[in-house]
$ cat data.tsv   # TSV, C-alpha atoms
chain	number	residue	atom	x	y	z
A	1	MET	CA	57.88	63.37	141.18
A	2	THR	CA	57.32	65.04	137.80
A	3	GLY	CA	57.95	64.10	134.19
A	4	ILE	CA	58.11	60.59	132.74
A	5	PRO	CA	58.90	57.87	135.31
A	6	ALA	CA	62.45	56.54	135.31
A	7	ASP	CA	61.42	53.16	133.92
A	8	ASN	CA	59.37	54.92	131.22
A	9	ALA	CA	56.32	52.79	132.05
A	10	VAL	CA	53.18	53.34	134.10
A	11	SER	CA	49.86	51.59	134.57
A	12	THR	CA	47.66	54.56	133.64
A	13	VAL	CA	48.28	57.70	131.57
A	14	ILE	CA	45.99	60.70	131.83
A	15	VAL	CA	45.91	62.90	128.75
A	16	GLY	CA	45.06	66.46	129.73
A	17	GLY	CA	45.70	68.65	132.75
A	18	GLY	CA	42.35	70.38	133.10
A	19	ILE	CA	39.97	69.80	136.00
A	20	ILE	CA	38.90	66.28	134.95
A	21	GLY	CA	42.46	65.12	134.33
A	22	ALA	CA	43.65	66.72	137.59
A	23	THR	CA	40.96	65.23	139.82
A	24	THR	CA	41.31	61.77	138.25
A	25	PHE	CA	45.10	62.00	138.66
A	26	TRP	CA	44.81	62.68	142.38
A	27	GLU	CA	42.15	60.02	142.92
A	28	LEU	CA	44.28	57.37	141.22
A	29	ALA	CA	47.54	58.44	142.88
A	30	ARG	CA	46.07	58.31	146.37
A	31	ARG	CA	44.87	54.78	145.63
A	32	GLY	CA	48.48	53.78	144.90
A	33	GLU	CA	48.06	53.59	141.12
A	34	GLU	CA	51.14	54.08	138.93
A	35	VAL	CA	49.77	57.10	137.09
A	36	ALA	CA	51.27	59.80	134.87
A	37	LEU	CA	49.55	62.94	133.63
A	38	PHE	CA	50.63	64.79	130.49
A	39	GLU	CA	49.42	68.28	129.58
A	40	SER	CA	50.41	69.76	126.23
A	41	ARG	CA	50.40	73.35	127.48
A	42	THR	CA	50.11	74.41	131.13
A	43	TYR	CA	47.82	72.90	133.75
A	44	GLY	CA	44.29	74.25	133.45
A	45	GLN	CA	45.22	76.71	130.71
A	46	GLU	CA	42.45	75.96	128.28
A	47	SER	CA	38.75	75.32	128.99
A	48	THR	CA	39.22	74.94	132.75
A	49	GLY	CA	41.19	78.13	133.30
A	50	LYS	CA	38.81	80.07	131.06
A	51	SER	CA	35.76	78.76	132.88
A	52	ALA	CA	33.55	81.10	134.88
A	53	ALA	CA	33.81	78.34	137.54
A	54	ILE	CA	30.33	79.13	138.87
A	55	VAL	CA	29.16	76.38	141.21
A	56	ARG	CA	25.41	75.74	141.27
A	57	MET	CA	23.22	72.72	141.88
A	58	HIS	CA	20.31	73.61	139.61
A	59	TYR	CA	20.27	70.70	137.16
A	60	SER	CA	17.42	68.75	135.65
A	61	ASN	CA	18.72	65.17	136.02
A	62	PRO	CA	19.23	63.38	139.36
A	63	GLU	CA	22.72	62.16	138.43
A	64	THR	CA	24.07	65.60	137.65
A	65	ILE	CA	22.50	67.11	140.78
A	66	ARG	CA	24.24	64.50	142.93
A	67	MET	CA	27.52	65.01	141.07
A	68	ALA	CA	27.28	68.78	141.54
A	69	LEU	CA	26.60	68.29	145.26
A	70	HIS	CA	29.61	66.02	145.57
A	71	GLY	CA	31.75	68.51	143.67
A	72	ARG	CA	30.69	71.44	145.86
A	73	ARG	CA	31.44	69.52	149.04
A	74	ALA	CA	34.89	68.69	147.71
A	75	LEU	CA	35.62	72.30	146.75
A	76	ILE	CA	34.54	73.55	150.18
A	77	ASP	CA	36.68	70.90	151.91
A	78	LEU	CA	39.67	71.14	149.56
A	79	PRO	CA	42.10	72.57	152.15
A	80	GLU	CA	41.45	69.52	154.35
A	81	LEU	CA	41.44	67.08	151.44
A	82	LEU	CA	44.58	68.32	149.69
A	83	GLY	CA	46.41	70.49	152.20
A	84	CYS	CA	46.02	73.54	149.95
A	85	GLU	CA	44.86	77.11	150.39
A	86	PRO	CA	41.08	77.72	150.07
A	87	VAL	CA	39.88	77.96	146.48
A	88	TYR	CA	36.11	78.21	146.98
A	89	HIS	CA	34.00	81.33	147.56
A	90	ARG	CA	30.72	80.44	149.29
A	91	THR	CA	28.92	83.61	148.25
A	92	GLY	CA	25.62	82.08	147.27
A	93	TRP	CA	24.17	81.69	143.76
A	94	VAL	CA	21.01	83.35	142.49
A	95	PHE	CA	18.96	82.29	139.47
A	96	LEU	CA	16.85	85.00	137.81
A	97	ILE	CA	14.14	83.42	135.68
A	98	GLY	CA	11.75	84.88	133.13
A	99	GLU	CA	8.11	83.96	132.73
A	100	ASP	CA	8.89	81.46	129.95
A	101	SER	CA	10.90	79.22	132.29
A	102	ALA	CA	9.38	79.84	135.73
A	103	GLU	CA	7.36	76.62	135.86
A	104	THR	CA	10.32	74.58	134.67
A	105	ALA	CA	12.60	76.08	137.32
A	106	ALA	CA	10.06	75.41	140.07
A	107	ALA	CA	9.73	71.77	138.98
A	108	ASN	CA	13.51	71.40	138.90
A	109	ARG	CA	13.68	72.81	142.42
A	110	GLU	CA	11.39	70.05	143.66
A	111	LEU	CA	13.67	67.44	142.06
A	112	GLN	CA	16.73	69.02	143.66
A	113	ILE	CA	15.11	69.04	147.08
A	114	ARG	CA	14.42	65.32	146.72
A	115	GLU	CA	18.09	64.81	145.87
A	116	GLY	CA	19.24	66.69	148.97
A	117	SER	CA	19.95	70.07	147.37
A	118	PRO	CA	17.73	72.75	148.92
A	119	SER	CA	17.24	76.19	147.42
A	120	ASP	CA	15.15	79.13	148.53
A	121	GLU	CA	12.42	80.86	146.57
A	122	ILE	CA	13.05	84.61	146.82
A	123	ARG	CA	10.38	87.27	146.63
A	124	LEU	CA	11.07	90.00	144.10
A	125	ASP	CA	10.76	92.54	146.90
A	126	ASP	CA	13.68	90.82	148.67
A	127	LEU	CA	15.99	90.54	145.65
A	128	GLU	CA	17.66	93.88	146.42
A	129	ARG	CA	19.38	92.41	149.48
A	130	LEU	CA	21.10	89.81	147.25
A	131	ILE	CA	21.89	92.08	144.28
A	132	PRO	CA	22.01	95.73	145.30
A	133	GLY	CA	20.60	98.02	142.62
A	134	VAL	CA	18.88	95.24	140.68
A	135	SER	CA	15.90	95.85	138.43
A	136	THR	CA	13.17	93.22	138.75
A	137	GLU	CA	11.60	93.96	135.37
A	138	GLY	CA	11.04	90.77	133.37
A	139	ILE	CA	11.83	88.47	136.31
A	140	ALA	CA	9.05	86.06	137.26
A	141	TYR	CA	10.81	83.69	139.64
A	142	VAL	CA	14.02	83.73	141.72
A	143	LEU	CA	15.94	80.88	143.33
A	144	TYR	CA	18.83	81.17	145.76
A	145	GLU	CA	21.38	78.52	146.77
A	146	GLU	CA	23.13	79.63	149.94
A	147	ASP	CA	26.07	77.20	149.78
A	148	SER	CA	26.84	77.73	146.10
A	149	GLY	CA	29.15	80.34	144.61
A	150	PHE	CA	32.34	80.06	142.57
A	151	ALA	CA	35.97	78.96	142.76
A	152	ASP	CA	39.36	79.83	141.32
A	153	PRO	CA	39.66	77.28	138.49
A	154	LEU	CA	43.44	77.49	138.04
A	155	ALA	CA	44.23	77.27	141.74
A	156	THR	CA	41.86	74.30	142.08
A	157	THR	CA	43.43	72.41	139.19
A	158	ARG	CA	46.96	73.05	140.41
A	159	ALA	CA	46.05	71.95	143.95
A	160	TYR	CA	44.79	68.58	142.69
A	161	ILE	CA	47.87	67.99	140.55
A	162	ASP	CA	50.29	69.00	143.32
A	163	ALA	CA	48.48	66.67	145.72
A	164	GLY	CA	48.63	63.83	143.19
A	165	ILE	CA	52.38	64.33	142.82
A	166	ARG	CA	52.79	64.16	146.61
A	167	GLU	CA	50.88	60.87	146.53
A	168	GLY	CA	53.45	59.43	144.12
A	169	GLY	CA	51.98	60.23	140.71
A	170	SER	CA	54.03	61.88	137.97
A	171	ALA	CA	52.90	64.89	135.96
A	172	ARG	CA	54.37	67.05	133.24
A	173	GLU	CA	53.13	70.14	131.43
A	174	GLY	CA	54.43	71.23	128.05
A	175	ALA	CA	54.23	67.54	127.11
A	176	ALA	CA	51.98	66.82	124.13
A	177	VAL	CA	50.52	63.34	123.72
A	178	GLU	CA	50.81	62.87	119.97
A	179	ARG	CA	48.94	59.59	119.77
A	180	ILE	CA	47.55	56.69	121.74
A	181	GLU	CA	48.95	53.31	120.70
A	182	VAL	CA	46.72	50.26	120.49
A	183	GLU	CA	47.77	46.65	119.95
A	184	ASN	CA	45.31	43.79	119.45
A	185	GLY	CA	42.40	46.01	120.43
A	186	ALA	CA	43.92	47.18	123.70
A	187	VAL	CA	45.83	50.26	124.86
A	188	ALA	CA	49.58	49.67	124.70
A	189	GLY	CA	51.00	53.14	125.37
A	190	VAL	CA	51.17	56.76	124.34
A	191	VAL	CA	53.72	58.78	122.41
A	192	VAL	CA	54.68	62.00	124.22
A	193	ASP	CA	56.76	64.46	122.20
A	194	GLY	CA	58.24	61.55	120.24
A	195	GLU	CA	58.90	59.38	123.30
A	196	ARG	CA	56.92	56.17	123.86
A	197	VAL	CA	55.42	55.60	127.30
A	198	PRO	CA	54.01	52.08	127.72
A	199	CYS	CA	50.78	51.79	129.70
A	200	LYS	CA	47.70	49.63	129.91
A	201	LYS	CA	45.09	52.31	130.47
A	202	VAL	CA	44.55	55.82	129.13
A	203	VAL	CA	42.13	58.37	130.54
A	204	LEU	CA	41.34	60.71	127.66
A	205	ALA	CA	40.63	64.06	129.31
A	206	ALA	CA	41.92	66.36	126.58
A	207	GLY	CA	38.76	68.46	126.25
A	208	ALA	CA	38.39	69.97	122.80
A	209	TRP	CA	41.33	67.86	121.54
A	210	SER	CA	39.90	64.51	122.68
A	211	LYS	CA	38.08	63.90	119.41
A	212	GLU	CA	41.20	64.10	117.25
A	213	LEU	CA	43.15	61.78	119.59
A	214	ALA	CA	40.35	59.18	119.59
A	215	ALA	CA	39.69	59.19	115.83
A	216	PRO	CA	42.80	57.20	114.75
A	217	LEU	CA	41.69	54.43	117.12
A	218	GLY	CA	38.41	54.06	115.25
A	219	VAL	CA	36.54	55.77	118.08
A	220	HIS	CA	34.22	58.55	116.95
A	221	LEU	CA	33.40	61.04	119.67
A	222	PRO	CA	30.24	62.97	118.70
A	223	ILE	CA	31.63	66.24	120.01
A	224	GLU	CA	31.29	69.72	118.55
A	225	ILE	CA	33.61	72.52	119.65
A	226	THR	CA	32.11	75.91	120.46
A	227	ARG	CA	33.91	79.21	121.03
A	228	GLU	CA	32.89	80.82	124.31
A	229	GLN	CA	33.56	84.41	125.35
A	230	ASP	CA	33.63	86.12	128.75
A	231	VAL	CA	34.33	89.78	129.47
A	232	ILE	CA	36.15	91.09	132.54
A	233	TYR	CA	34.98	94.48	133.78
A	234	ASP	CA	36.30	96.89	136.36
A	235	THR	CA	33.27	98.30	138.15
A	236	ASP	CA	34.89	101.70	138.61
A	237	GLY	CA	34.61	101.96	142.37
A	238	THR	CA	31.15	100.41	142.53
A	239	PRO	CA	31.19	97.03	144.31
A	240	PRO	CA	30.63	94.18	141.81
A	241	VAL	CA	27.82	91.71	142.30
A	242	PRO	CA	28.44	90.08	145.69
A	243	LEU	CA	27.56	86.55	144.56
A	244	ALA	CA	27.30	84.33	141.49
A	245	VAL	CA	24.35	85.15	139.23
A	246	SER	CA	22.77	83.18	136.42
A	247	ALA	CA	20.25	85.48	134.80
A	248	GLN	CA	18.18	83.26	132.55
A	249	ALA	CA	15.87	86.22	132.04
A	250	ASP	CA	18.77	88.14	130.44
A	251	ARG	CA	20.79	85.22	129.00
A	252	VAL	CA	23.90	86.24	130.97
A	253	TYR	CA	25.89	85.06	133.98
A	254	LEU	CA	28.13	87.16	136.16
A	255	ARG	CA	30.23	86.88	139.27
A	256	PRO	CA	32.89	88.81	141.16
A	257	LEU	CA	36.47	88.03	140.09
A	258	PRO	CA	38.53	88.47	143.28
A	259	GLU	CA	41.41	86.39	141.90
A	260	ARG	CA	42.05	89.38	139.62
A	261	HIS	CA	40.97	92.41	141.68
A	262	GLU	CA	38.36	93.34	144.27
A	263	SER	CA	36.55	95.55	141.73
A	264	SER	CA	36.62	92.98	138.90
A	265	MET	CA	33.54	91.21	137.57
A	266	LEU	CA	33.25	88.39	135.02
A	267	VAL	CA	30.34	88.38	132.57
A	268	GLY	CA	29.36	85.87	129.91
A	269	ARG	CA	26.37	84.82	127.80
A	270	GLY	CA	24.14	81.99	128.89
A	271	PHE	CA	21.79	79.61	127.13
A	272	PRO	CA	19.83	80.05	124.90
A	273	LYS	CA	22.14	81.75	122.42
A	274	GLU	CA	23.71	81.18	119.03
A	275	TYR	CA	26.83	79.01	119.10
A	276	GLU	CA	29.96	79.47	117.02
A	277	TYR	CA	31.54	76.14	116.04
A	278	VAL	CA	35.32	76.21	115.56
A	279	ASP	CA	38.48	74.20	115.02
A	280	PRO	CA	40.27	74.00	118.40
A	281	ASN	CA	43.61	74.42	116.65
A	282	SER	CA	42.69	77.70	114.94
A	283	TYR	CA	40.14	79.94	116.59
A	284	ASP	CA	40.02	83.64	117.44
A	285	ASP	CA	40.97	84.09	121.10
A	286	GLU	CA	40.08	87.77	121.23
A	287	VAL	CA	36.62	88.82	122.37
A	288	ASP	CA	34.31	90.29	119.72
A	289	ALA	CA	33.44	93.97	120.11
A	290	SER	CA	29.82	93.13	119.30
A	291	PHE	CA	29.77	90.50	122.05
A	292	GLU	CA	31.11	92.96	124.62
A	293	ALA	CA	28.52	95.55	123.64
A	294	ASP	CA	25.75	92.96	123.88
A	295	VAL	CA	26.61	91.70	127.36
A	296	ARG	CA	27.20	95.24	128.61
A	297	GLU	CA	23.70	96.22	127.51
A	298	ARG	CA	22.18	93.15	129.17
A	299	VAL	CA	24.01	93.75	132.46
A	300	LEU	CA	23.14	97.47	132.59
A	301	ARG	CA	19.50	96.72	131.90
A	302	ARG	CA	19.49	94.43	134.93
A	303	VAL	CA	21.83	96.40	137.25
A	304	PRO	CA	21.95	100.05	136.13
A	305	ARG	CA	24.45	101.02	138.85
A	306	PHE	CA	27.22	99.45	136.75
A	307	ALA	CA	26.94	102.24	134.15
A	308	GLY	CA	30.57	103.23	134.74
A	309	MET	CA	32.06	99.76	134.32
A	310	ARG	CA	34.87	99.38	131.79
A	311	MET	CA	36.27	96.34	130.04
A	312	VAL	CA	39.75	95.44	131.34
A	313	GLY	CA	40.17	91.93	129.96
A	314	SER	CA	38.50	88.89	128.48
A	315	ARG	CA	38.61	85.13	128.22
A	316	VAL	CA	37.87	83.17	125.07
A	317	GLY	CA	37.82	79.42	125.49
A	318	LEU	CA	36.19	76.27	124.17
A	319	TYR	CA	33.35	73.96	125.08
A	320	SER	CA	33.45	70.34	123.91
A	321	VAL	CA	29.80	69.49	123.39
A	322	PRO	CA	28.19	66.03	122.96
A	323	PRO	CA	24.70	65.90	121.44
A	324	ASP	CA	22.95	65.95	124.85
A	325	TRP	CA	25.38	68.39	126.52
A	326	HIS	CA	26.42	65.80	129.15
A	327	PRO	CA	29.95	64.42	129.55
A	328	LEU	CA	31.32	61.28	127.96
A	329	LEU	CA	32.70	59.10	130.74
A	330	GLY	CA	34.01	55.59	131.23
A	331	ARG	CA	35.19	52.70	129.11
A	332	VAL	CA	34.97	52.48	125.34
A	333	GLY	CA	33.99	49.09	124.00
A	334	GLU	CA	36.12	49.29	120.86
A	335	VAL	CA	39.42	49.76	122.74
A	336	GLU	CA	40.24	47.91	125.94
A	337	GLY	CA	41.83	50.22	128.48
A	338	LEU	CA	40.56	53.48	126.95
A	339	ILE	CA	38.55	55.56	129.42
A	340	LEU	CA	36.79	58.79	128.50
A	341	GLY	CA	36.68	61.90	130.68
A	342	THR	CA	35.62	64.55	128.22
A	343	GLY	CA	32.70	66.47	126.71
A	344	GLY	CA	32.16	68.82	129.64
A	345	SER	CA	29.98	71.32	127.71
A	346	GLY	CA	30.82	74.07	130.20
A	347	HIS	CA	29.79	72.00	133.24
A	348	ALA	CA	33.04	70.12	133.87
A	349	PHE	CA	34.49	72.41	136.52
A	350	LYS	CA	31.72	72.07	139.09
A	351	LEU	CA	31.32	68.36	138.28
A	352	GLY	CA	35.07	67.73	138.10
A	353	PRO	CA	35.69	66.38	141.62
A	354	ALA	CA	32.80	63.96	141.20
A	355	ILE	CA	33.94	62.87	137.74
A	356	GLY	CA	37.49	62.24	138.96
A	357	GLU	CA	36.25	59.95	141.71
A	358	MET	CA	33.83	58.22	139.33
A	359	LEU	CA	36.58	57.45	136.80
A	360	ALA	CA	39.05	56.30	139.46
A	361	GLY	CA	36.36	54.11	141.00
A	362	GLU	CA	35.60	52.60	137.60
A	363	LEU	CA	39.26	51.74	137.08
A	364	ALA	CA	39.73	50.38	140.60
A	365	GLY	CA	36.49	48.39	140.66
A	366	THR	CA	35.08	50.53	143.49
A	367	PRO	CA	32.18	52.45	141.93
A	368	VAL	CA	30.77	55.50	143.67
A	369	ASP	CA	27.25	55.46	145.08
A	370	TYR	CA	26.03	58.81	143.71
A	371	ALA	CA	26.18	58.19	139.95
A	372	ASP	CA	26.68	55.34	137.50
A	373	VAL	CA	29.55	55.89	135.05
A	374	ASP	CA	27.78	53.68	132.52
A	375	ARG	CA	24.94	56.21	132.37
A	376	PHE	CA	27.45	58.64	130.80
A	377	ALA	CA	29.07	56.11	128.45
A	378	LEU	CA	29.62	56.88	124.78
A	379	SER	CA	27.30	53.97	123.96
A	380	ARG	CA	24.31	55.74	125.51
A	381	PHE	CA	23.48	57.37	122.19
A	382	GLU	CA	23.12	54.10	120.30
A	383	ARG	CA	21.24	52.66	123.29
A	384	GLY	CA	18.70	55.49	123.11
A	385	MET	CA	19.65	56.74	126.56
A	386	SER	CA	20.64	60.34	125.86
A	387	PHE	CA	20.08	62.82	128.64
A	388	VAL	CA	17.16	65.23	128.34
A	389	SER	CA	17.40	68.67	129.93
A	390	THR	CA	14.25	70.49	130.95
A	391	PHE	CA	15.65	73.88	129.86
A	392	GLY	CA	17.50	72.44	126.86
A	393	GLY	CA	21.11	72.90	125.72
A	394	ASN	CA	23.75	74.16	128.08
A	395	ARG	CA	21.32	74.98	130.85
A	396	ALA	CA	21.18	71.18	131.47

$ encode --input "data.tsv" --output "structure tokens"
Amino acid sequence: MTGIPADNAVSTVIVGGGIIGATTFWELARRGEEVALFESRTYGQESTGKSAAIVRMHYSNPETIRMALHGRRALIDLPELLGCEPVYHRTGWVFLIGEDSAETAAANRELQIREGSPSDEIRLDDLERLIPGVSTEGIAYVLYEEDSGFADPLATTRAYIDAGIREGGSAREGAAVERIEVENGAVAGVVVDGERVPCKKVVLAAGAWSKELAAPLGVHLPIEITREQDVIYDTDGTPPVPLAVSAQADRVYLRPLPERHESSMLVGRGFPKEYEYVDPNSYDDEVDASFEADVRERVLRRVPRFAGMRMVGSRVGLYSVPPDWHPLLGRVGEVEGLILGTGGSGHAFKLGPAIGEMLAGELAGTPVDYADVDRFALSRFERGMSFVSTFGGNRA
């Protein structure tokens, strides 16, 4: 079933059809919840669809490591879970680290091993077998995660929404939630393209637009919106990198882009870098020529065999960034029935399956055992419980 239910009333409305909205929608629908999802544009069009969708476990907090592990297992098993085509590419993920961060990466690896996420330390002499033609100059330490890789973000999002519809949920794209209605301190409904839909709970998963929907309710989300650019290259007959790469030493990430073409490769800039803060309703969605030139130079310095690559496309999307770069999840004390699922900071895709189950478990009173939603609550900032990342910023 799609659209607004016939009786124009549901128990839970999800605002936003990106990866967090989609996974939460399926989790609630399969539990028998009366749930409707509304997406103002098309499913996964914005931050999710423009994500590099690299899946890696290298995080510096136990909760996010466990969430990433849960997410990867779900992506690998998605055909069995949802009855869909495979979306995940288990190519492996390699982390190229400079001298300034080698000790930090090694310490993080020990934490990940304790949390059940092994990775291999790779000798520089052996790096060629993972990345043919690679230069090892400036690399002090290399980690490799065999089961990691990347996924097709649009296909993944659509698979979750289609599965949620089959479970009895309703979903509609091209349906803008104009406002969330509150009566006596509790959610009473939403207004969708001028039409009121009564409900008791709202999961706010609108990404960069969550802040403006929460503000009229007296809920301030401490989110900043950053403009993020990726470049798509054709490697001109040379095979692209065969796996997902995060090159901390070069401040870039790259991966093959088989959903476009077998010779396509996606490249973006990684932390640390300068961030451009924008209004989500008016930002430049064309890649900057200076940005393209910069990432090209960085890639060619690391893998000179790509000298003939040519730009054939780009993606410019948005990150919604809380102060500690970790998502805002769970209930909001000021408004009964309002649940946050936002502030992904570029991590939401790989964490999305875990977040969806966490939010559904919170609503159903069946919390998951791998992470506490309250640890990600908006109130953590006033409680002095912000997350701290060993690398800082978006490296998390």

$ atom_distance --input "data.tsv" --atom1 "atom CA of Phe150 of chain A" --atom2 "atom CA of His58 of chain A"
14.0 Å

$ closest_atom_pairs --input "data.tsv" --of "segment 161-248 of chain A" --to "segment 285-294 of chain A" --cutoff "10 Å" --atoms "only C-alpha atoms" --output "JSON lines"
{"residue": "A:Arg227", "atom": "CA", "partner": "A:Asp285", "partner_atom": "CA", "distance": 8.6}
{"residue": "A:Glu228", "atom": "CA", "partner": "A:Val287", "partner_atom": "CA", "distance": 9.0}
{"residue": "A:Gln229", "atom": "CA", "partner": "A:Val287", "partner_atom": "CA", "distance": 6.1}
{"residue": "A:Asp230", "atom": "CA", "partner": "A:Val287", "partner_atom": "CA", "distance": 7.5}
{"residue": "A:Val231", "atom": "CA", "partner": "A:Glu292", "partner_atom": "CA", "distance": 6.6}
{"residue": "A:Ile232", "atom": "CA", "partner": "A:Glu292", "partner_atom": "CA", "distance": 9.6}

$ closest_residue --input "data.tsv" --among "A:Pro240, A:Pro118, A:Gly17, A:Gly313" --to "Thr48 of chain A" --atoms "all atoms listed in the file"
A:Gly17

$ atom_distance --input "data.tsv" --atom1 "atom CA of Ala186 of chain A" --atom2 "atom CA of Gly356 of chain A"
22.4 Å

$ atom_distance --input "data.tsv" --atom1 "atom CA of Gly174 of chain A" --atom2 "atom CA of Val191 of chain A"
13.7 Å

$ closest_residue --input "data.tsv" --among "A:Thr156, A:Arg298, A:Ser51, A:Leu81" --to "Ser314 of chain A" --atoms "all atoms listed in the file"
A:Ser51

$ closest_residue --input "data.tsv" --among "A:Arg296, A:His220, A:Arg301, A:Arg179" --to "Val13 of chain A" --atoms "all atoms listed in the file"
A:Arg179

$ residues_around --input "data.tsv" --residues "Asp284 of chain A" --least-positions-apart "5" --cutoff "12 Å" --atoms "all atoms listed in the file" --output "count of residues only"
12

$ closest_residue --input "data.tsv" --among "A:Glu183, A:Ala244, A:Ala206, A:Glu382" --to "Val335 of chain A" --atoms "only C-alpha atoms"
A:Glu183

$ residues_around --input "data.tsv" --residues "Arg380 of chain A" --least-positions-apart "3" --cutoff "12 Å" --atoms "all atoms listed in the file" --output "list in words"
Pro222, Pro322, Pro323, Asp324, His326, Pro327, Leu328, Leu329, Gly330, Arg331, Val332, Gly333, Val373, Asp374, Arg375, Phe376, Ala377, Arg383, Gly384, Met385, Ser386 and Phe387 of chain A

$ decode --input "data.tsv" --residues "segment 142-159 of chain A" --atoms "C-alpha atoms" --output "compact mmCIF listing (two decimals), in the first residue's frame"
# COMPACT_ATOMS: atom_id res chain seq x y z
CA VAL A 142 47.88 0.17 6.79
CA LEU A 143 44.77 -1.64 8.00
CA TYR A 144 42.56 -3.96 5.97
CA GLU A 145 39.01 -5.13 6.72
CA GLU A 146 38.23 -8.15 4.57
CA ASP A 147 34.44 -8.14 5.02
CA SER A 148 33.98 -4.41 4.47
CA GLY A 149 33.42 -2.65 1.16
CA PHE A 150 30.54 -0.57 -0.17
CA ALA A 151 26.90 -0.76 -1.24
CA ASP A 152 24.49 0.82 -3.69
CA PRO A 153 22.77 3.43 -1.49
CA LEU A 154 19.71 3.99 -3.69
CA ALA A 155 19.02 0.30 -4.24
CA THR A 156 19.41 -0.35 -0.50
CA THR A 157 16.99 2.41 0.48
CA ARG A 158 14.40 1.32 -2.08
CA ALA A 159 14.67 -2.31 -0.97
